[in-house]
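Novice: This is the content of entry.txt (compact mmCIF, C-alpha atoms):
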```txt
# COMPACT_ATOMS: atom_id res chain seq x y z
CA MET A 49 116.12 165.56 83.99
CA ARG A 50 117.22 161.92 83.91
CA ALA A 51 120.63 162.95 85.15
CA PHE A 52 119.03 164.82 88.00
CA ILE A 53 117.03 161.76 89.04
CA LEU A 54 120.17 159.67 88.84
CA ILE A 55 122.08 162.10 91.07
CA LEU A 56 119.24 162.16 93.55
CA THR A 57 119.01 158.37 93.61
CA GLY A 58 122.75 158.02 94.04
CA PHE A 59 122.85 160.54 96.85
CA ALA A 60 119.89 158.96 98.65
CA GLY A 61 121.43 155.52 98.32
CA GLY A 62 124.71 156.85 99.68
CA VAL A 63 123.01 158.44 102.68
CA VAL A 64 121.21 155.24 103.58
CA VAL A 65 124.25 153.00 103.11
CA GLY A 66 126.45 155.43 105.05
CA THR A 67 124.13 155.57 108.04
CA ALA A 68 123.74 151.80 107.88
CA LEU A 69 127.51 151.37 107.96
CA VAL A 70 127.90 153.61 111.00
CA ALA A 71 124.98 151.93 112.73
CA PHE A 72 126.59 148.57 111.99
CA LEU A 73 129.85 149.62 113.62
CA LEU A 74 128.08 151.15 116.60
CA VAL A 75 125.75 148.23 117.21
CA LEU A 76 128.67 145.83 117.24
CA ASP A 77 130.56 147.94 119.80
CA VAL A 78 133.75 147.66 117.81
CA ILE A 79 134.85 151.27 118.22
CA PRO A 80 134.10 151.50 121.96
CA ARG A 81 135.95 148.25 122.48
CA LEU A 82 139.02 149.50 120.61
CA ILE A 83 138.94 152.78 122.53
CA GLN A 84 138.69 150.83 125.77
CA VAL A 85 141.62 148.60 124.85
CA SER A 86 143.82 151.51 123.75
CA ASP A 87 142.59 153.83 126.50
CA SER A 88 142.28 156.76 124.11
CA LYS A 89 138.97 158.44 124.77
CA GLU A 90 140.36 161.85 123.90
CA TYR A 91 140.86 160.86 120.25
CA ILE A 92 137.19 160.07 119.69
CA LYS A 93 136.74 162.97 117.23
CA PHE A 94 139.74 161.76 115.27
CA TYR A 95 138.34 158.24 115.10
CA GLN A 96 135.03 159.62 113.88
CA MET A 97 136.82 161.40 111.07
CA LEU A 98 138.72 158.23 110.18
CA VAL A 99 135.51 156.23 110.01
CA ILE A 100 134.17 158.79 107.53
CA VAL A 101 137.30 159.21 105.42
CA GLY A 102 138.07 155.47 105.30
CA PRO A 103 134.87 154.39 103.57
CA LEU A 104 135.04 157.46 101.30
CA LEU A 105 138.51 156.51 100.06
CA ALA A 106 137.56 152.85 99.77
CA THR A 107 134.48 153.71 97.72
CA ASN A 108 136.51 155.84 95.33
CA PHE A 109 139.17 153.18 95.01
CA GLN A 110 136.57 150.53 94.25
CA PHE A 111 134.65 152.62 91.70
CA TYR A 112 137.61 154.20 89.86
CA GLU A 113 140.07 151.29 90.21
CA TRP A 114 142.86 153.39 91.65
CA GLN A 115 146.39 152.04 91.60
CA LEU A 116 149.26 152.48 94.05
CA PRO A 117 152.77 153.14 92.72
CA PHE A 118 154.64 149.86 92.50
CA PHE A 119 157.95 149.07 94.24
CA GLU A 120 158.28 145.28 94.11
CA ILE A 121 159.10 144.24 97.69
CA ILE A 122 157.51 147.19 99.49
CA ASN A 123 154.14 146.47 97.93
CA SER A 124 154.40 142.79 98.85
CA ILE A 125 155.02 143.73 102.46
CA LEU A 126 152.18 146.26 102.29
CA VAL A 127 149.83 143.54 101.07
CA ILE A 128 150.78 141.31 104.00
CA ILE A 129 150.29 144.11 106.53
CA MET A 130 146.98 145.12 104.97
CA GLY A 131 145.74 141.55 105.02
CA PHE A 132 146.63 141.28 108.69
CA ILE A 133 144.85 144.54 109.53
CA PHE A 134 141.71 143.56 107.62
CA GLY A 135 141.80 140.29 109.50
CA ILE A 136 141.94 142.08 112.84
CA PHE A 137 138.96 144.18 111.89
CA ILE A 138 136.93 141.19 110.72
CA GLY A 139 138.00 139.38 113.89
CA LEU A 140 136.61 142.24 115.97
CA LEU A 141 133.36 142.07 114.00
CA ALA A 142 133.16 138.29 114.27
CA GLY A 143 133.72 138.48 118.01
CA ALA A 144 131.09 141.14 118.44
CA LEU A 145 128.49 139.28 116.43
CA THR A 146 125.76 137.93 118.59
CA GLU A 147 126.50 134.39 117.52
CA VAL A 148 129.46 134.37 119.89
CA LEU A 149 128.65 137.02 122.46
CA LYS A 150 125.08 136.05 123.21
CA VAL A 151 125.28 132.35 122.52
CA LEU A 152 128.34 131.43 124.56
CA PRO A 153 126.93 132.46 127.97
CA ILE A 154 123.74 130.51 127.30
CA LEU A 155 125.50 127.55 125.75
CA SER A 156 128.07 127.19 128.51
CA ARG A 157 125.33 127.36 131.12
CA ARG A 158 123.11 124.82 129.37
CA LEU A 159 126.00 122.44 128.91
CA GLY A 160 127.28 122.96 132.45
CA LEU A 161 130.66 124.13 131.20
CA GLN A 162 130.81 127.56 132.79
CA SER A 163 134.29 126.94 134.11
CA TYR A 164 135.47 126.06 130.61
CA LEU A 165 134.51 129.38 129.05
CA GLY A 166 138.12 130.27 128.25
CA GLU A 167 138.71 126.97 126.48
CA LEU A 168 135.47 127.25 124.51
CA LEU A 169 136.41 130.75 123.41
CA ALA A 170 139.91 129.66 122.41
CA LEU A 171 138.34 126.89 120.30
CA ILE A 172 136.04 129.33 118.55
CA ILE A 173 138.90 131.70 117.79
CA LEU A 174 141.03 128.84 116.48
CA GLY A 175 138.12 127.54 114.43
CA LYS A 176 137.62 130.95 112.83
CA ALA A 177 141.28 131.31 111.86
CA ILE A 178 141.59 127.79 110.50
CA GLY A 179 138.24 127.91 108.74
CA SER A 180 139.34 131.10 107.03
CA LEU A 181 142.68 129.55 106.04
CA ILE A 182 140.98 126.52 104.57
CA TYR A 183 138.62 128.74 102.64
CA TRP A 184 141.49 130.59 100.99
CA LEU A 185 143.91 127.70 100.58
CA PHE A 186 141.44 125.59 98.61
CA PRO A 187 140.15 127.91 95.89
CA THR A 188 137.95 125.16 94.50
CA LEU A 189 135.66 125.94 97.43
CA TRP A 190 134.62 129.19 95.81
CA PRO A 191 133.98 128.86 92.10
CA PRO A 192 135.30 131.93 90.23
CA MET B 725 116.51 137.15 182.05
CA SER B 726 116.64 140.81 182.90
CA SER B 727 119.24 141.39 180.21
CA MET B 728 116.76 140.20 177.56
CA THR B 729 114.23 142.86 178.38
CA GLY B 730 116.35 145.89 177.55
CA LYS B 731 115.82 147.54 174.18
CA PHE B 732 118.37 146.77 171.56
CA GLU B 733 118.76 146.91 167.80
CA ILE B 734 119.16 144.16 165.24
CA PHE B 735 120.58 144.94 161.84
CA LEU B 736 119.41 142.45 159.29
CA ARG B 737 120.83 142.15 155.81
CA VAL B 738 118.92 139.53 153.87
CA LYS B 739 120.89 137.53 151.29
CA ARG B 740 119.79 137.22 147.71
CA VAL B 741 120.26 133.55 146.88
CA VAL B 742 120.94 130.80 149.38
CA LYS B 743 121.85 127.19 148.66
CA ALA B 744 120.26 124.47 150.77
CA LYS B 745 119.70 120.74 150.95
CA PRO B 746 116.33 119.01 151.46
CA ASN B 747 115.27 118.72 155.10
CA GLN B 748 117.86 121.27 156.14
CA ARG B 749 116.72 123.62 158.86
CA LEU B 750 117.46 127.11 157.70
CA LEU B 751 118.82 129.33 160.43
CA VAL B 752 118.89 133.09 160.50
CA ARG B 753 122.62 132.75 159.92
CA ASP B 754 121.98 130.99 156.59
CA LEU B 755 119.52 133.53 155.29
CA ALA B 756 120.95 136.83 156.39
CA GLU B 757 123.85 138.66 157.89
CA VAL B 758 122.91 140.03 161.28
CA ILE B 759 124.50 142.37 163.77
CA THR B 760 123.17 142.88 167.24
CA ALA B 761 124.27 143.24 170.85
CA GLU B 762 127.20 140.94 171.50
CA ASP B 763 125.50 138.76 174.09
CA LYS B 764 122.60 138.00 171.76
CA GLN B 765 124.51 137.54 168.54
CA GLU B 766 124.94 133.79 168.97
CA ASP B 767 121.30 133.14 169.92
CA LEU B 768 120.07 135.25 167.05
CA GLU B 769 122.19 133.52 164.45
CA ARG B 770 121.11 130.06 165.63
CA LEU B 771 117.44 130.94 165.44
CA GLY B 772 115.64 128.56 163.08
CA VAL B 773 113.43 130.18 160.49
CA LYS B 774 112.04 127.44 158.30
CA GLU B 775 112.66 123.88 157.27
CA VAL B 776 113.24 122.93 153.66
CA THR B 777 110.36 120.63 152.84
CA LYS B 778 110.25 118.00 150.11
CA GLU B 779 107.22 119.69 148.60
CA ALA B 780 109.18 122.85 147.94
CA GLY B 781 110.80 121.18 144.92
CA GLN B 782 113.83 122.88 143.50
CA SER B 783 113.42 126.20 145.15
CA MET B 784 111.41 128.17 147.61
CA ILE B 785 111.15 131.71 148.68
CA ILE B 786 111.41 133.19 152.15
CA THR B 787 110.40 136.78 152.52
CA ALA B 788 112.25 139.10 154.81
CA LEU B 789 108.99 139.52 156.72
CA GLU B 790 108.99 135.83 157.65
CA ILE B 791 112.49 136.17 159.05
CA ILE B 792 111.52 139.32 160.93
CA ARG B 793 108.44 137.59 162.35
CA VAL B 794 110.58 134.77 163.73
CA ILE B 795 113.08 137.18 165.22
CA LYS B 796 110.29 139.29 166.71
CA GLY B 797 108.83 136.15 168.25
CA GLN B 798 112.08 135.41 170.01
CA PHE B 799 113.21 138.94 170.77
CA PRO B 800 110.07 141.07 171.16
CA GLU B 801 112.09 143.96 172.52
CA ALA B 802 114.34 144.30 169.52
CA THR B 803 114.17 147.04 166.94
CA ILE B 804 114.92 145.45 163.60
CA GLU B 805 116.62 147.44 160.87
CA HIS B 806 116.10 145.66 157.60
CA LEU B 807 118.66 146.19 154.83
CA GLY B 808 119.19 144.31 151.60
CA GLU B 809 116.76 142.20 149.63
CA ALA B 810 113.07 141.75 150.29
CA ASP B 811 113.08 138.00 149.58
CA VAL B 812 115.58 135.18 149.78
CA ILE B 813 115.57 132.58 147.07
CA VAL B 814 116.44 129.19 148.48
CA ASP B 815 118.08 127.08 145.85
CA ILE B 816 117.46 123.47 146.86
CA LYS B 817 119.90 120.91 145.57
CA THR B 818 119.44 117.22 146.17
CA ASP B 819 122.59 115.25 146.80
CA ALA B 820 122.51 113.44 143.49
CA LYS B 821 122.29 116.66 141.56
CA ASP B 822 124.99 118.20 143.64
CA LYS B 823 127.32 115.36 142.82
CA ARG B 824 126.70 115.69 139.13
CA SER B 825 127.48 119.37 139.07
CA GLN B 826 130.59 118.88 141.16
CA ASP B 827 131.90 116.08 139.00
CA LYS B 828 134.13 117.12 136.18
CA PRO B 829 132.26 116.78 132.90
CA SER B 830 133.40 113.69 131.01
CA ILE B 831 136.15 114.05 128.46
CA PHE B 832 133.87 112.79 125.67
CA TYR B 833 131.31 115.42 126.46
CA ILE B 834 133.90 118.18 126.31
CA ALA B 835 135.37 116.70 123.14
CA ALA B 836 131.96 116.66 121.47
CA VAL B 837 131.22 120.28 122.42
CA SER B 838 134.71 121.26 121.30
CA VAL B 839 134.34 119.66 117.89
CA VAL B 840 130.98 121.34 117.33
CA LEU B 841 132.27 124.77 118.32
CA PHE B 842 135.51 124.42 116.40
CA LEU B 843 134.01 123.20 113.14
CA GLY B 844 130.93 125.37 113.52
CA SER B 845 132.83 128.61 113.94
CA GLY B 846 135.07 127.64 111.03
CA MET B 847 132.05 127.05 108.85
CA ALA B 848 130.47 130.30 110.01
CA ILE B 849 133.46 132.34 108.84
CA MET B 850 133.42 130.51 105.48
CA ASN B 851 129.75 131.31 105.20
CA PHE B 852 130.50 134.92 105.92
CA HIS B 853 133.22 135.05 103.25
CA ALA B 854 130.91 133.56 100.67
CA ASP B 855 128.06 135.79 101.76
CA VAL B 856 129.89 139.09 101.36
CA ASN B 857 131.92 137.93 98.34
CA MET B 858 135.19 138.43 100.17
CA VAL B 859 137.14 136.89 97.25
CA ALA B 860 136.31 139.74 94.89
CA VAL B 861 137.24 142.32 97.51
CA HIS B 862 140.56 140.64 98.19
CA GLN B 863 141.31 140.43 94.47
CA GLN B 864 140.51 144.12 94.08
CA LEU B 865 142.68 145.07 97.04
CA TYR B 866 145.51 142.94 95.76
CA GLN B 867 145.27 144.69 92.43
CA LEU B 868 145.26 148.09 94.14
CA VAL B 869 148.58 147.41 95.79
CA MET B 870 150.38 144.99 93.49
CA GLY B 871 149.11 146.33 90.19
CA ARG B 872 148.13 142.95 88.74
CA PHE B 873 145.21 140.62 88.99
CA GLU B 874 145.71 137.48 91.04
CA GLU B 875 143.11 134.75 91.18
CA ASN B 876 144.20 133.58 94.63
CA PRO B 877 145.80 136.52 96.46
CA LEU B 878 147.19 134.32 99.25
CA LEU B 879 149.72 137.01 100.18
CA LEU B 880 146.75 139.03 101.42
CA GLN B 881 144.58 136.21 102.65
CA ILE B 882 146.92 134.28 104.94
CA PRO B 883 147.81 137.33 107.07
CA TYR B 884 144.11 138.16 106.98
CA SER B 885 143.26 134.78 108.50
CA ILE B 886 145.80 135.22 111.28
CA GLY B 887 144.46 138.72 111.81
CA ILE B 888 140.97 137.35 112.46
CA ALA B 889 142.30 135.40 115.41
CA CYS B 890 144.19 138.46 116.71
CA GLY B 891 141.13 140.67 116.36
CA MET B 892 138.98 138.27 118.32
CA ILE B 893 141.62 138.00 121.03
CA VAL B 894 141.74 141.79 121.31
CA PHE B 895 137.96 141.96 121.44
CA PHE B 896 137.62 139.33 124.12
CA ASN B 897 140.75 140.31 125.98
CA TYR B 898 141.61 136.66 126.13
CA ILE B 899 144.38 134.30 125.15
CA TYR B 900 143.44 130.92 126.54
CA LYS B 901 143.64 131.73 130.26
CA TYR B 902 145.80 134.83 130.08
CA LYS B 903 144.17 138.22 130.03
CA LEU B 904 145.71 141.08 128.10
CA ASP B 905 144.76 143.69 130.68
CA ASP B 906 142.45 144.22 133.63
CA ASP B 907 139.45 145.47 131.67
CA PRO B 908 136.44 143.22 131.93
CA SER B 909 136.01 141.32 128.69
CA PRO B 910 132.72 141.73 126.82
CA LEU B 911 132.08 138.04 127.27
CA GLU B 912 132.41 138.25 131.04
CA MET B 913 130.01 141.18 131.07
CA GLU B 914 127.56 139.34 128.84
CA MET B 915 127.86 136.28 131.09
CA TYR B 916 127.19 138.42 134.15
CA LEU B 917 124.20 140.13 132.55
CA TYR B 918 122.78 136.81 131.43
CA GLU B 919 123.11 135.18 134.85
CA ASN B 920 121.59 138.25 136.43
CA LYS B 921 118.66 138.04 134.06
CA VAL B 922 118.17 134.35 134.80
CA ASN B 923 118.27 134.97 138.54
CA GLN B 924 115.90 137.89 138.29
CA PHE B 925 113.49 135.90 136.18
CA SER B 926 113.45 132.97 138.56
CA LEU B 927 113.08 135.33 141.49
CA ASN B 928 110.08 136.88 139.81
CA GLN B 929 108.63 133.49 138.94
CA LYS B 930 109.12 132.14 142.45
CA THR B 931 107.66 135.21 144.06
CA LYS B 932 104.58 134.70 141.92
CA GLU B 933 104.38 131.02 142.86
CA ALA B 934 104.92 131.74 146.52
CA LYS B 935 102.14 134.31 146.46
CA LYS B 936 99.81 131.87 144.73
CA GLY B 937 100.62 129.19 147.32
CA GLY B 938 99.93 131.67 150.12
CA ASN B 939 96.48 132.43 148.76
CA ASN B 940 95.55 128.76 148.51
CA ASN B 941 96.52 128.16 152.11
```
Translate this file's structure into structure tokens.
Specialist:
Amino acid sequence: MRAFILILTGFAGGVVVGTALVAFLLVLDVIPRLIQVSDSKEYIKFYQMLVIVGPLLATNFQFYEWQLPFFEIINSILVIIMGFIFGIFIGLLAGALTEVLKVLPILSRRLGLQSYLGELLALIILGKAIGSLIYWLFPTLWPP
Amino acid sequence: MSSMTGKFEIFLRVKRVVKAKPNQRLLVRDLAEVITAEDKQEDLERLGVKEVTKEAGQSMIITALEIIRVIKGQFPEATIEHLGEADVIVDIKTDAKDKRSQDKPSIFYIAAVSVVLFLGSGMAIMNFHADVNMVAVHQQLYQLVMGRFEENPLLLQIPYSIGIACGMIVFFNYIYKYKLDDDPSPLEMEMYLYENKVNQFSLNQKTKEAKKGGNNN
């Protein structure tokens, strides 16, 4: 009986978190933006499947502590590539967040800097990258 | 004068927003695009509609009907075809204000805004990392690939930081002033939507005010 309740709770939690994740991606327009950039509307079904399989794999990896086979240099390169890809994804999210998208038009208008929109955006992007670097390069910032 | 009596058509396309200075006499030409018989085109365009008064403040509204009334007064024979907007917003700029907006913003001003945006966005991403416990995730991922625990998996985190910048560039379709492709960037669209909203709101507000003023008179 207890096991049954546990299964039910786990399943319900999964359903809610899963829908929340998809809603999150949709609200932020990340997928449409990527499709627009790559001009690949016809692969939409494939992308849908990826968005389902990706989190599924990630969840399993996180819960069961999976391990990839180890070949010294290849894994190091893989780590670098993975880090870069995660960064791109977070960059897409950070760009889509309302803090940038909704604030910049208002801010530039209020400040009378409409013609400097490109520069302001470049500054924000630079600030994000350097802020992130500082965060990781000085581990004392985040107590273990 | 016999040529004035014949029937002819006037096509009138009223503009949406018009810029003006105080005491300027607004002509039909300023408020709308018009097409009519060739011999009357010049007279029609030079027809004065309304003067910008001091009392109008920063903006006033001229309805298409006012313009039509003036044209009808001058050319009673004309059939007027009205296209475009129902009202014109007249954006009144005094000289002093005009100068300020034309001047380049001072370097200190831009520097101050730049510092705020730069440091602020940096802090925001740090906040985000702390909020979602990004460290633990990176450590786990590092362990997945490399097979050992690493307190500071910089090999993952430095490319990650560069990736953030690349992701934002892809999203905004922007590198400084160079665009990646011809798609409109989300920021441009947002900017357009916002300005449209502002214009629509002020149009609404001014229509209301103009109607109020009309009732009082």
Novice: Using all atoms listed in the file, determine which residues of chain A fall within 7 Å of chain B; present them as a ChimeraX atom specification.
Specialist: /A:81,114-116,118,123,127-128,131-140,143,149-150,153,166-168,170-181,183-184
Novice: What lies within 6 Å of Ile785 (chain B) using only C-alpha atoms, ignoring chain neighbours under 6 positions off, as a list in words?
Specialist: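 The filter keeps Val812, Ile813 and Val814 of chain B.
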Novice: If I take CA of Asp811 (chain B) and CA of Gln748 (chain B), how far is one from the other in Å, to one decimal?
Specialist: 18.6 Å
Novice: Give the answer as one residue: which of B:Gln798, B:Met784, B:Glu790, B:Thr760 has the shortest atom-to-atom distance to Gln929 (chain B), using all atoms listed in the file?
Specialist: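 That would be B:Met784, the residue with the smallest distance to Gln929 (chain B).
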Novice: What does the distance from CA of Ala71 (chain A) to CA of Leu145 (chain A) come to in Å, to one decimal?
Specialist: 13.6 Å
Novice: Work out how far apart CA of Pro80 (chain A) and CA of Tyr95 (chain A) are and give it in Å to one decimal.
Specialist: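 Computing the Euclidean distance for CA of Pro80 (chain A) and CA of Tyr95 (chain A) yields 10.5 Å.
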